[in-house]
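start21.csv follows; it contains CSV, C-alpha atoms.
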chain,number,residue,atom,x,y,z
A,1,MET,CA,-59.4,212.4,-19.0
A,2,SER,CA,-56.1,214.0,-19.8
A,3,VAL,CA,-53.8,212.7,-22.4
A,4,PRO,CA,-50.8,211.0,-20.9
A,5,GLU,CA,-47.6,213.1,-20.7
A,6,GLY,CA,-46.1,213.4,-24.2
A,7,ARG,CA,-49.4,212.4,-25.9
A,8,SER,CA,-51.0,215.7,-26.3
A,9,TYR,CA,-52.3,216.7,-29.7
A,10,ASP,CA,-50.5,219.7,-31.2
A,11,GLY,CA,-51.5,221.6,-34.2
A,12,GLY,CA,-51.6,224.9,-36.0
A,13,CYS,CA,-52.0,226.8,-39.2
A,14,THR,CA,-50.1,226.5,-42.4
A,15,CYS,CA,-47.7,229.5,-41.7
A,16,ARG,CA,-47.1,228.2,-38.1
A,17,HIS,CA,-48.1,231.6,-36.6
A,18,VAL,CA,-50.9,229.8,-34.7
A,19,ARG,CA,-50.0,226.9,-32.5
A,20,TYR,CA,-52.3,225.1,-30.1
A,21,ARG,CA,-52.4,221.9,-28.0
A,22,MET,CA,-55.3,219.7,-27.2
A,23,THR,CA,-54.6,218.3,-23.7
A,24,ALA,CA,-57.2,215.5,-23.9
A,25,LYS,CA,-58.5,213.0,-26.4
A,26,PRO,CA,-61.4,214.5,-28.4
A,27,LEU,CA,-64.9,213.9,-27.2
A,28,PHE,CA,-65.8,212.6,-30.7
A,29,VAL,CA,-64.7,213.1,-34.3
A,30,HIS,CA,-67.2,213.9,-37.0
A,31,CYS,CA,-66.7,213.5,-40.7
A,32,CYS,CA,-69.4,215.7,-42.0
A,33,HIS,CA,-70.6,215.3,-45.6
A,34,CYS,CA,-73.2,218.1,-45.6
A,35,THR,CA,-73.3,220.6,-48.5
A,36,TRP,CA,-72.5,223.4,-46.1
A,37,CYS,CA,-69.2,221.8,-45.0
A,38,GLN,CA,-68.4,220.9,-48.6
A,39,ARG,CA,-68.8,224.5,-49.6
A,40,GLU,CA,-67.0,225.9,-46.6
A,41,THR,CA,-63.9,223.6,-47.0
A,42,GLY,CA,-63.9,223.4,-50.8
A,43,SER,CA,-63.7,219.6,-50.3
A,44,ALA,CA,-66.0,216.6,-50.0
A,45,PHE,CA,-66.3,216.8,-46.2
A,46,ALA,CA,-65.1,218.4,-43.0
A,47,LEU,CA,-63.3,216.5,-40.3
A,48,ASN,CA,-63.7,218.0,-36.9
A,49,ALA,CA,-62.5,216.8,-33.4
A,50,MET,CA,-65.0,218.0,-30.8
A,51,ILE,CA,-63.3,218.9,-27.5
A,52,GLU,CA,-63.9,221.1,-24.5
A,53,SER,CA,-62.6,224.6,-25.2
A,54,ASP,CA,-60.7,224.6,-21.9
A,55,ARG,CA,-58.7,221.6,-23.1
A,56,VAL,CA,-57.3,223.5,-26.1
A,57,GLN,CA,-54.3,225.5,-25.0
A,58,PHE,CA,-53.3,228.5,-27.2
A,59,LEU,CA,-49.5,228.2,-27.5
A,60,HIS,CA,-48.9,231.3,-29.6
A,61,GLY,CA,-50.3,233.5,-32.4
A,62,ASP,CA,-53.7,235.0,-32.7
A,63,VAL,CA,-56.9,234.2,-34.5
A,64,GLU,CA,-59.7,236.2,-36.0
A,65,VAL,CA,-63.2,234.9,-35.3
A,66,VAL,CA,-65.4,235.0,-38.3
A,67,ASN,CA,-69.1,234.7,-37.9
A,68,THR,CA,-70.4,232.4,-40.6
A,69,PRO,CA,-73.9,231.1,-41.5
A,70,SER,CA,-74.7,227.5,-40.9
A,71,ASN,CA,-77.3,225.0,-42.0
A,72,SER,CA,-79.0,225.2,-38.6
A,73,GLY,CA,-79.5,228.9,-39.0
A,74,ARG,CA,-77.8,229.6,-35.8
A,75,GLY,CA,-74.3,230.2,-37.3
A,76,GLN,CA,-70.8,229.2,-36.4
A,77,LYS,CA,-67.7,231.1,-35.3
A,78,ILE,CA,-64.7,230.1,-37.3
A,79,SER,CA,-61.3,230.9,-35.8
A,80,ARG,CA,-58.7,231.7,-38.5
A,81,CYS,CA,-55.1,232.5,-38.4
A,82,THR,CA,-54.7,236.3,-38.9
A,83,ARG,CA,-51.8,235.8,-41.3
A,84,CYS,CA,-52.5,232.7,-43.5
A,85,ARG,CA,-56.3,232.7,-42.9
A,86,ILE,CA,-56.4,228.9,-42.2
A,87,ALA,CA,-59.4,227.8,-40.1
A,88,VAL,CA,-58.1,226.0,-37.0
A,89,TRP,CA,-61.4,225.5,-35.2
A,90,SER,CA,-65.0,226.4,-35.1
A,91,ASN,CA,-67.6,227.0,-32.3
A,92,TYR,CA,-71.2,226.2,-33.2
A,93,ALA,CA,-74.2,227.8,-31.6
A,94,GLY,CA,-75.3,224.4,-30.1
A,95,GLY,CA,-72.1,224.0,-28.1
A,96,GLY,CA,-71.4,227.7,-27.6
A,97,ASP,CA,-68.0,228.7,-26.5
A,98,ALA,CA,-67.7,225.5,-24.4
A,99,VAL,CA,-66.9,223.1,-27.2
A,100,ARG,CA,-64.4,223.6,-30.1
A,101,PHE,CA,-64.6,221.7,-33.3
A,102,VAL,CA,-60.9,221.5,-34.1
A,103,ARG,CA,-60.1,221.0,-37.8
A,104,VAL,CA,-58.3,217.6,-37.8
A,105,GLY,CA,-56.2,218.6,-40.8
A,106,THR,CA,-54.5,221.3,-38.7
A,107,LEU,CA,-53.1,218.7,-36.2
A,108,ASP,CA,-49.5,217.8,-36.6
A,109,GLU,CA,-50.6,214.1,-36.5
A,110,PRO,CA,-54.1,214.1,-38.0
A,111,ASP,CA,-54.0,210.3,-38.3
A,112,ARG,CA,-54.5,210.1,-34.5
A,113,CYS,CA,-58.1,211.4,-35.0
A,114,PRO,CA,-59.9,209.2,-37.5
A,115,PRO,CA,-63.6,209.8,-37.8
A,116,ASP,CA,-65.8,208.1,-35.1
A,117,ILE,CA,-68.9,208.7,-37.4
A,118,HIS,CA,-69.8,209.9,-40.8
A,119,ILE,CA,-72.7,212.4,-40.7
A,120,PHE,CA,-75.0,213.9,-43.4
A,121,THR,CA,-74.1,211.0,-45.7
A,122,SER,CA,-77.4,211.7,-47.6
A,123,THR,CA,-75.5,214.5,-49.4
A,124,LYS,CA,-72.0,213.0,-49.6
A,125,GLN,CA,-70.3,213.0,-52.9
A,126,PRO,CA,-71.1,209.8,-54.8
A,127,TRP,CA,-67.4,209.0,-55.4
A,128,VAL,CA,-66.6,209.1,-51.6
A,129,VAL,CA,-66.5,205.5,-50.4
A,130,LEU,CA,-67.2,205.2,-46.7
A,131,PRO,CA,-65.0,202.7,-44.7
A,132,PRO,CA,-66.6,199.6,-43.3
A,133,GLY,CA,-66.9,199.4,-39.6
A,134,VAL,CA,-67.3,203.2,-39.0
A,135,PRO,CA,-70.9,204.3,-38.2
A,136,ALA,CA,-72.6,206.4,-40.9
A,137,VAL,CA,-75.9,208.2,-40.7
A,138,ALA,CA,-78.0,210.0,-43.3
A,139,GLU,CA,-78.3,213.2,-41.3
A,140,TYR,CA,-77.4,213.7,-37.6
A,141,TYR,CA,-77.6,211.3,-34.6
A,142,LYS,CA,-78.1,211.1,-30.9
A,143,ALA,CA,-74.9,211.2,-28.9
A,144,ALA,CA,-76.2,208.6,-26.4
A,145,GLU,CA,-76.3,206.1,-29.2
A,146,PHE,CA,-72.7,206.5,-30.5
A,147,TRP,CA,-70.5,208.3,-28.0
A,148,PRO,CA,-68.3,206.4,-25.6
A,149,LYS,CA,-69.3,206.5,-21.9
A,150,GLU,CA,-66.4,208.7,-21.0
A,151,SER,CA,-67.3,211.3,-23.6
A,152,LEU,CA,-70.9,211.4,-22.5
A,153,GLU,CA,-69.7,212.0,-18.9
A,154,ARG,CA,-67.5,214.8,-20.0
A,155,ARG,CA,-70.4,216.4,-22.0
A,156,GLU,CA,-72.6,216.1,-19.0
A,157,ARG,CA,-70.0,218.0,-16.8
A,158,LEU,CA,-70.0,220.7,-19.4
A,159,ARG,CA,-73.8,221.0,-19.3
A,160,ARG,CA,-73.7,221.3,-15.5
A,161,ALA,CA,-70.9,224.0,-15.5
Spit out the file's structure as structure tokens when you get a sec.
Amino acid sequence: MSVPEGRSYDGGCTCRHVRYRMTAKPLFVHCCHCTWCQRETGSAFALNAMIESDRVQFLHGDVEVVNTPSNSGRGQKISRCTRCRIAVWSNYAGGGDAVRFVRVGTLDEPDRCPPDIHIFTSTKQPWVVLPPGVPAVAEYYKAAEFWPKESLERRERLRRA
């Protein structure tokens, strides 16, 4: 499903060299509390909007793809602005190049993408208080149990492509 005209999700890096547009609502938004994300971001968690790569338009600028280790052992590719070095999205081995994990904090309106789920809460910082009403799991989860029907259908189309 495409986002209605005027309702795209624009974002970019700190220096404004990289600008992008998500042309659809994310498949799902993860708030990951694993120690790998904590170390990588220098914060208590990472907030990523999962979306099909072909629904992320590169408006201008350029990124450098940095291959980085991940907890799965299969790595991730982090796309960073070549000037200010801000990470704008990642591609994990599990989703390959077909799915981008857009860093919600790089969106112009990050409040439009609150987390759909909190994952790896077994290693969350003890002072982080999770909001009531948002699913939270100790480790990972099965998409079929939490994703909306539309997102599951979009994911299935990706798998068939």
As JSON, please: the centre and edge lengths in Å, to one decimal, of an axis-aligned box enclosing every listed atom of stretch 82-86 of chain A with 4 Å added on each side.
{"center_x": -54.1, "center_y": 232.6, "center_z": -41.2, "size_x": 12.6, "size_y": 15.4, "size_z": 12.6}
Subject >> Close residues, stretch 99-113 of chain A itself excluded, 7 Å, all atoms listed in the file, min 3 positions apart in chain, as a ChimeraX atom specification >> reply: /A:9-13,29,47-53,88-91,95-96
*asked:* Set the distance at 8 Å and use all atoms listed in the file: which residues neighbour stretch 140-154 of chain A once local chain neighbours fewer than 2 positions away are removed? I'd like the list as a list of chain:residue names.
replied: A:Leu27, A:Phe28, A:Ile119, A:Phe120, A:Val137, A:Ala138, A:Glu156, A:Arg157, A:Leu158
Query raised in the report: Using all atoms listed in the file, which residues sit within 8 Å of A:Arg74 once same-chain residues fewer than 4 positions away are excluded, as number ranges by chain?
Result: A: 69-70, 92-93
Within 9 Å of A:Cys34 using all atoms listed in the file, minus same-chain residues under 2 positions, as a PyMOL selection string: chain A and resi 32+36-39+44-46+71+119-124+139
Exercise for the section: For atom CA of A:Thr82 and atom CA of A:Ala98, quote the distance in Å rounded to one decimal. Expected result: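 If I compute the distance from atom CA of A:Thr82 to atom CA of A:Ala98, I get 22.3 Å.
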So the first atom is atom CA of A:Cys31 and the second is atom CA of A:Pro115; what is the distance between them in Å, to one decimal place?
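According to the coordinates, atom CA of A:Cys31 and atom CA of A:Pro115 are separated by 5.6 Å.
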As a check of understanding: the span from atom CA of A:Asp116 to atom CA of A:Arg155 is 16.2 Å
Nearest to A:Asp62: which of A:Ala24, A:Val129, A:Val18, A:Ala136 is it, counting all atoms listed in the file?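 Answer, going by the shortest atom-to-atom distance: A:Val18.
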Query - Surrounding residues of A:Ile117 excluding itself and chain neighbours under 3 positions, 6 Å, only C-alpha atoms, as a list in words - result: His30, Val134, Pro135 and Ala136 of chain A
